[in-house]
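Here the structure is laid out as C-alpha cells; the discussion comes afterwards.
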Amino acid sequence: MIGAQAKSERQLQIPIRVKAMKHLMRCLILMLTTGLAFAGSPKISKDLEGKKAGDTVDVIVQFKQVPTDKHEKKVKDRGGKHKAKLDVVKGGAYSLPVDALEDLASDPDVAYISPDREVKGTLDFASATVGAEIARSYGWDGTGIGVAVIDSGVEKRDDLRVSGSDTSRVVYSQNFASDSTTSDKYGHGTHVAGIIGGNGKKSSGSGTTVTFRGIAVNAKIISLRVLGAQGSGTDSMVIAAIQRAIELKSTYNIRVLNLSLGRPVHESYTLDPLCEAVESAWKAGIVVVVAAGNEGRNNSQGNNGYATIGSPGNDPYVITVGAMKTMGSSSRTDDLIASYSSKGPTLLDHIVKPDLVAPGNRLISILADTESQLATAYPTNQVPSSYYKPGSSGTPQYMKLSGTSMAAPMVSGAAALLLQKTPSLTPDQVKARLMKTASKAFPTTSIATDPATGQLYTSQYDIFTVGAGYLDVAAALNSTDMASVKAVSPKAVYDPVTRQTRLVHGDGLIWGDALIWGDALVWGKGLIWGDALIWGDGLIWGDSMVWGNSTTQGFGLIWGDGLIWGDSTTVSGETTSIAIQGEN
C-alpha cells in the first residue's frame, strides 16, 4: 500500500508541476503587463507600485548619509544612471530599471526611494491691506535682504531695478529646468517676484492713477528656475535649486526662500524628499514660505476641501500660506477667504496648516512678457496701461493672477522686512512673530461664486482654513516677541471615543507656553475655542453640519480610517484654472 501510494504521488507530480509552471508564467505575464509589486517595502514609495517591469523610471534615492562613490556604485551596478547630486537630502536623482528597485531598497544604506515627481506653480489693494504701506513709511523696504524665488524664472523688468538706477535687483539667475534658458517663458515667477519686491516703476510718475508695488520694494531677487514653459518641473529640480540657495546664502544674504509651487502628498513629510530639502534650508537659517495649494473646492473624496494642503507645504517647519480676497478695497475688515485655498490638516501627518493667510485673489503684478504662456493663454488677464494711466495705449506691463501662489510671496516680502529690521531673527522667530501678530478677526462663514460656472462655495473660518490669521505686516514689525524654541506647526489629534480634537505641540516647541505663545494667543480664541467655530456644535467639530456624527456618512468620510485621519494616500488632482481666473 505504501508503495502504491508513493507511485500514485509520483504519477501526480508531473501534472501538478505543469500546472504550477503555467501559474507561474501567468503571474510573470501579469506582472510584465500590469506592473510590479514591491511586497510592501517601506523604503519604496507606494506610487512606484504598478510600474512595468522592464521599464526605466526616474527616482530620487535617499541614503542614510550623504552619498559617496560607494553609494553611487550601488545604483550603477543595478543599471542606474546618475542625473543629479542632491546632497541636501542625502541623495541623488537617478534613472533606474523598475526591476532593480526592490533589490536596491533592500540595501541597508538606502533610506527611501520615491519617484522624481512633477511639481507645478500654484497688487493694487493687497499691499495696503496687509500694512506694507505703513512699513515703507518707516523706511522698511527689504534693503540688503536676498529672497530666492524658486519658480519659472524672473525677468529683469523695470519694476525690479534699484530705485533711480538701471541696476537690476535680480542679482542671480540659474536654470534647473529641462530646457536651457533662465527666461520666464511661463510668466509665473516674474509675477511672484513682483509681489515680493516690485517697486511700481512702470505704474508711477506723471498721469498714473494707481501704482502696483510689492512688499519689500528694494529686496534682492535670486531667480532659481525649475518650472518650464508649461509651468511644471520635478522634485529633483526643486531640490537642486534649494541646495543652490543654501550654497549662495552668504553670497547674496539669502534669508527668505519662496516656493509658489507644489504637488500632492504621497507619504509622510518625514520621508518626502521635498520636505527634507525645505527643512535643510530652514535649519541653514533661511525662512521658507510655501503656497498651500488651490484645492479648497475639491470635494472628490467627500472631505469638503479639507486635507488638501500640497507638498512641501505639509512640512511643519515652513510657513504655509492660504489665499484671501481683498474685495477691491484697502481695508482688511471686508476681506474673505478664497474658496479654492487648500485646507488642513495635512494628509497622513495631520499637521495644522495653513499657518497664515494673505491676499492672493486677482493680484496685479509684473507681466513677464506678452508672449509668455500665461499671457497668451489668458489675454484678458493682462492689465492694459490705460488701467493705471488713463488715455495710454502702451504695451501691457502688468498681469492679474490668483491663487495661493500669489499669497505666499506676500508673506515672503513681509519676512524680508522683519529681517531687515532685526537681522538676528531666526526662521522660527520670524514664523512665530508673523503668526502671533496676524489678524484674528473673521466672519463665521462666507459664500464665494465661481465667475466661470456660477457655482457657490461656502467656507468656514476655522484653524484649518485660515491658520493663525491674516498677515499684518505693520503689527509684525511692531512686535518685540522673541521665540526661544522651535515654531514647528502642531499636530491635530482626533479622539474617536470622545469625538474631540486637540493640538499636540511636542516637547520644546514654542506654542506650549500659555503666557506668550499659547493656543488662544497664536491662533486666536475665536478660531480655536469659540462656540461658533472650531469647537462649536453646529460647525467644524460639531455633530451635524460639516463632519456629521458617527452614524452619518459625513462623519465616516472625514474622521474615518480611510481619509483624513487614516492611512490612505488618496490625493486630489490639480485645479490650475482656479489659480488663474480667481473668484467673486
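For the C-alpha cells, the naming scheme is as follows: chains receive sequential letters (A, B, ...) according to their order of presentation, residues are indexed from 1 within each chain, and ligands are indexed from 1 in presentation order.
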
Exercise. Find the spatial neighbours of A:Pro390, counting only C-alpha atoms, within a cut-off of 10 Å - ignore same-chain residues fewer than 5 positions away - and output them as number ranges by chain.
Key: A: 207-209, 384-385

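Those residues that approach A:Ile286 to within 7 Å, counting only C-alpha atoms, are Ile254, Arg255, Val256, Leu257, Ala281, Trp282 and Pro427 of chain A; same-chain residues fewer than 3 positions away are not listed.
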
Self-check item: A:Val147 surroundings by only C-alpha atoms, 10 Å radius, close-in-sequence under 3 positions cut, as a PyMOL selection string
Solution: chain A and resi 142+144+150+170+193+196-197+216+219-223+245+249+252-258+286-288+409+412-413+415-416

Quiz item: Which is closer to A:Thr211 than all the others in A:Gln397, A:Thr498, A:Thr326, A:Ser484, using only C-alpha atoms?
Solution: A:Gln397

Quiz prompt | Contacts of A:Ala84 within 12 Å, only C-alpha atoms, excl. fewer than 3 positions in-chain, as a ChimeraX atom specification | solution = /A:58-61,67,72,81,87-95,116,176,235-241,243

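Neighbouring residues of A:Gly214 at 8 Å or closer, counting only C-alpha atoms and skipping chain neighbours under 4 positions away, are Leu123, Ser127, Gly194, Ile195, Ile196, Gly197, Gly198, Asn199, Gly200, Ser365, Met410 and Gly413 of chain A.
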
Generate the output file for the selected residues, N, CA and C atoms, as a tab-separated table (two decimals), in the first residue's frame.
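And here is the file that came out, part00.tsv:
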chain	number	residue	atom	x	y	z
A	123	LEU	N	-1.37	94.15	-7.44
A	123	LEU	CA	-1.16	94.50	-6.04
A	123	LEU	C	-1.60	95.94	-5.67
A	127	SER	N	-1.22	95.32	-1.04
A	127	SER	CA	-0.12	95.87	-0.26
A	127	SER	C	-0.63	96.69	0.91
A	194	GLY	N	7.41	90.14	-8.45
A	194	GLY	CA	6.83	91.48	-8.34
A	194	GLY	C	6.04	91.67	-7.06
A	195	ILE	N	5.36	90.63	-6.61
A	195	ILE	CA	4.62	90.71	-5.35
A	195	ILE	C	5.59	90.83	-4.18
A	196	ILE	N	6.71	90.11	-4.28
A	196	ILE	CA	7.72	90.20	-3.22
A	196	ILE	C	8.35	91.57	-3.20
A	197	GLY	N	8.80	92.06	-4.38
A	197	GLY	CA	9.63	93.25	-4.35
A	197	GLY	C	9.51	94.22	-5.51
A	198	GLY	N	8.41	94.19	-6.28
A	198	GLY	CA	8.25	95.17	-7.35
A	198	GLY	C	8.11	96.57	-6.78
A	199	ASN	N	8.79	97.56	-7.41
A	199	ASN	CA	8.74	98.92	-6.86
A	199	ASN	C	7.76	99.85	-7.58
A	200	GLY	N	7.02	99.31	-8.56
A	200	GLY	CA	5.98	100.10	-9.21
A	200	GLY	C	6.49	101.13	-10.20
A	365	SER	N	0.47	92.20	-10.71
A	365	SER	CA	1.92	92.26	-10.54
A	365	SER	C	2.56	92.24	-11.93
A	410	MET	N	3.51	87.40	-0.67
A	410	MET	CA	3.16	88.47	0.27
A	410	MET	C	3.87	88.23	1.61
A	413	GLY	N	7.73	88.64	1.28
A	413	GLY	CA	8.10	90.04	1.36
A	413	GLY	C	8.07	90.55	2.78

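Counting only C-alpha atoms and comparing A:Lys491, A:Trp523, A:Leu374, A:Ser386, the residue that lies closest to A:Ala438 is A:Trp523.
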
Quiz item: Could you pull the residues within 12 Å of A:Gly79, counting only C-alpha atoms, minus those fewer than 6 positions along the same chain, as a ChimeraX atom specification?
Solution: /A:54-57,72-73,94-101,103-104

Residues of the last selection are to be written out with N, CA and C atoms, as a PDB file, in the first residue's frame.
ATOM      1  N   GLY A  54      10.795  45.969 -16.660  1.00  0.00           N
ATOM      2  CA  GLY A  54      11.455  46.203 -17.939  1.00  0.00           C
ATOM      3  C   GLY A  54      11.551  47.667 -18.296  1.00  0.00           C
ATOM      4  N   ASP A  55      10.703  48.498 -17.660  1.00  0.00           N
ATOM      5  CA  ASP A  55      10.756  49.937 -17.902  1.00  0.00           C
ATOM      6  C   ASP A  55      11.834  50.589 -17.034  1.00  0.00           C
ATOM      7  N   THR A  56      12.111  51.830 -17.363  1.00  0.00           N
ATOM      8  CA  THR A  56      13.036  52.637 -16.576  1.00  0.00           C
ATOM      9  C   THR A  56      12.264  53.797 -15.968  1.00  0.00           C
ATOM     10  N   VAL A  57      12.570  54.128 -14.732  1.00  0.00           N
ATOM     11  CA  VAL A  57      11.833  55.177 -14.027  1.00  0.00           C
ATOM     12  C   VAL A  57      12.820  56.171 -13.414  1.00  0.00           C
ATOM     13  N   GLU A  72      27.058  55.558  -4.991  1.00  0.00           N
ATOM     14  CA  GLU A  72      26.753  55.726  -6.412  1.00  0.00           C
ATOM     15  C   GLU A  72      26.939  54.405  -7.151  1.00  0.00           C
ATOM     16  N   LYS A  73      27.979  53.677  -6.796  1.00  0.00           N
ATOM     17  CA  LYS A  73      28.260  52.405  -7.453  1.00  0.00           C
ATOM     18  C   LYS A  73      27.150  51.397  -7.222  1.00  0.00           C
ATOM     19  N   TYR A  94      18.190  59.655 -10.070  1.00  0.00           N
ATOM     20  CA  TYR A  94      18.688  58.586 -10.928  1.00  0.00           C
ATOM     21  C   TYR A  94      17.604  58.126 -11.902  1.00  0.00           C
ATOM     22  N   SER A  95      18.066  57.572 -13.003  1.00  0.00           N
ATOM     23  CA  SER A  95      17.204  56.805 -13.903  1.00  0.00           C
ATOM     24  C   SER A  95      17.541  55.352 -13.640  1.00  0.00           C
ATOM     25  N   LEU A  96      16.525  54.544 -13.289  1.00  0.00           N
ATOM     26  CA  LEU A  96      16.795  53.200 -12.768  1.00  0.00           C
ATOM     27  C   LEU A  96      15.774  52.204 -13.318  1.00  0.00           C
ATOM     28  N   PRO A  97      16.207  50.978 -13.690  1.00  0.00           N
ATOM     29  CA  PRO A  97      15.239  49.961 -14.117  1.00  0.00           C
ATOM     30  C   PRO A  97      14.268  49.623 -12.996  1.00  0.00           C
ATOM     31  N   VAL A  98      13.003  49.516 -13.328  1.00  0.00           N
ATOM     32  CA  VAL A  98      11.989  49.173 -12.336  1.00  0.00           C
ATOM     33  C   VAL A  98      12.345  47.868 -11.626  1.00  0.00           C
ATOM     34  N   ASP A  99      12.891  46.918 -12.387  1.00  0.00           N
ATOM     35  CA  ASP A  99      13.224  45.603 -11.826  1.00  0.00           C
ATOM     36  C   ASP A  99      14.252  45.690 -10.703  1.00  0.00           C
ATOM     37  N   ALA A 100      15.039  46.777 -10.680  1.00  0.00           N
ATOM     38  CA  ALA A 100      16.121  46.884  -9.698  1.00  0.00           C
ATOM     39  C   ALA A 100      15.699  47.586  -8.416  1.00  0.00           C
ATOM     40  N   LEU A 101      14.482  48.141  -8.374  1.00  0.00           N
ATOM     41  CA  LEU A 101      14.075  48.961  -7.236  1.00  0.00           C
ATOM     42  C   LEU A 101      14.058  48.186  -5.926  1.00  0.00           C
ATOM     43  N   ASP A 103      15.542  45.392  -5.099  1.00  0.00           N
ATOM     44  CA  ASP A 103      16.881  44.967  -4.686  1.00  0.00           C
ATOM     45  C   ASP A 103      17.660  46.135  -4.089  1.00  0.00           C
ATOM     46  N   LEU A 104      17.541  47.307  -4.708  1.00  0.00           N
ATOM     47  CA  LEU A 104      18.229  48.485  -4.175  1.00  0.00           C
ATOM     48  C   LEU A 104      17.666  48.867  -2.805  1.00  0.00           C
TER      49      LEU A 104
END

Exercise. Pick out the residues sitting within 12 Å of A:Asp513, and hand them over as a count of residues only; count only C-alpha atoms, and ignore anything fewer than 6 positions along from it in its own chain.
Key: 12

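Closest approach to A:Ser106 from the set A:Gly50, A:Gly305, A:Gly146, A:Pro42 is made by A:Pro42, with distances taken over only C-alpha atoms.
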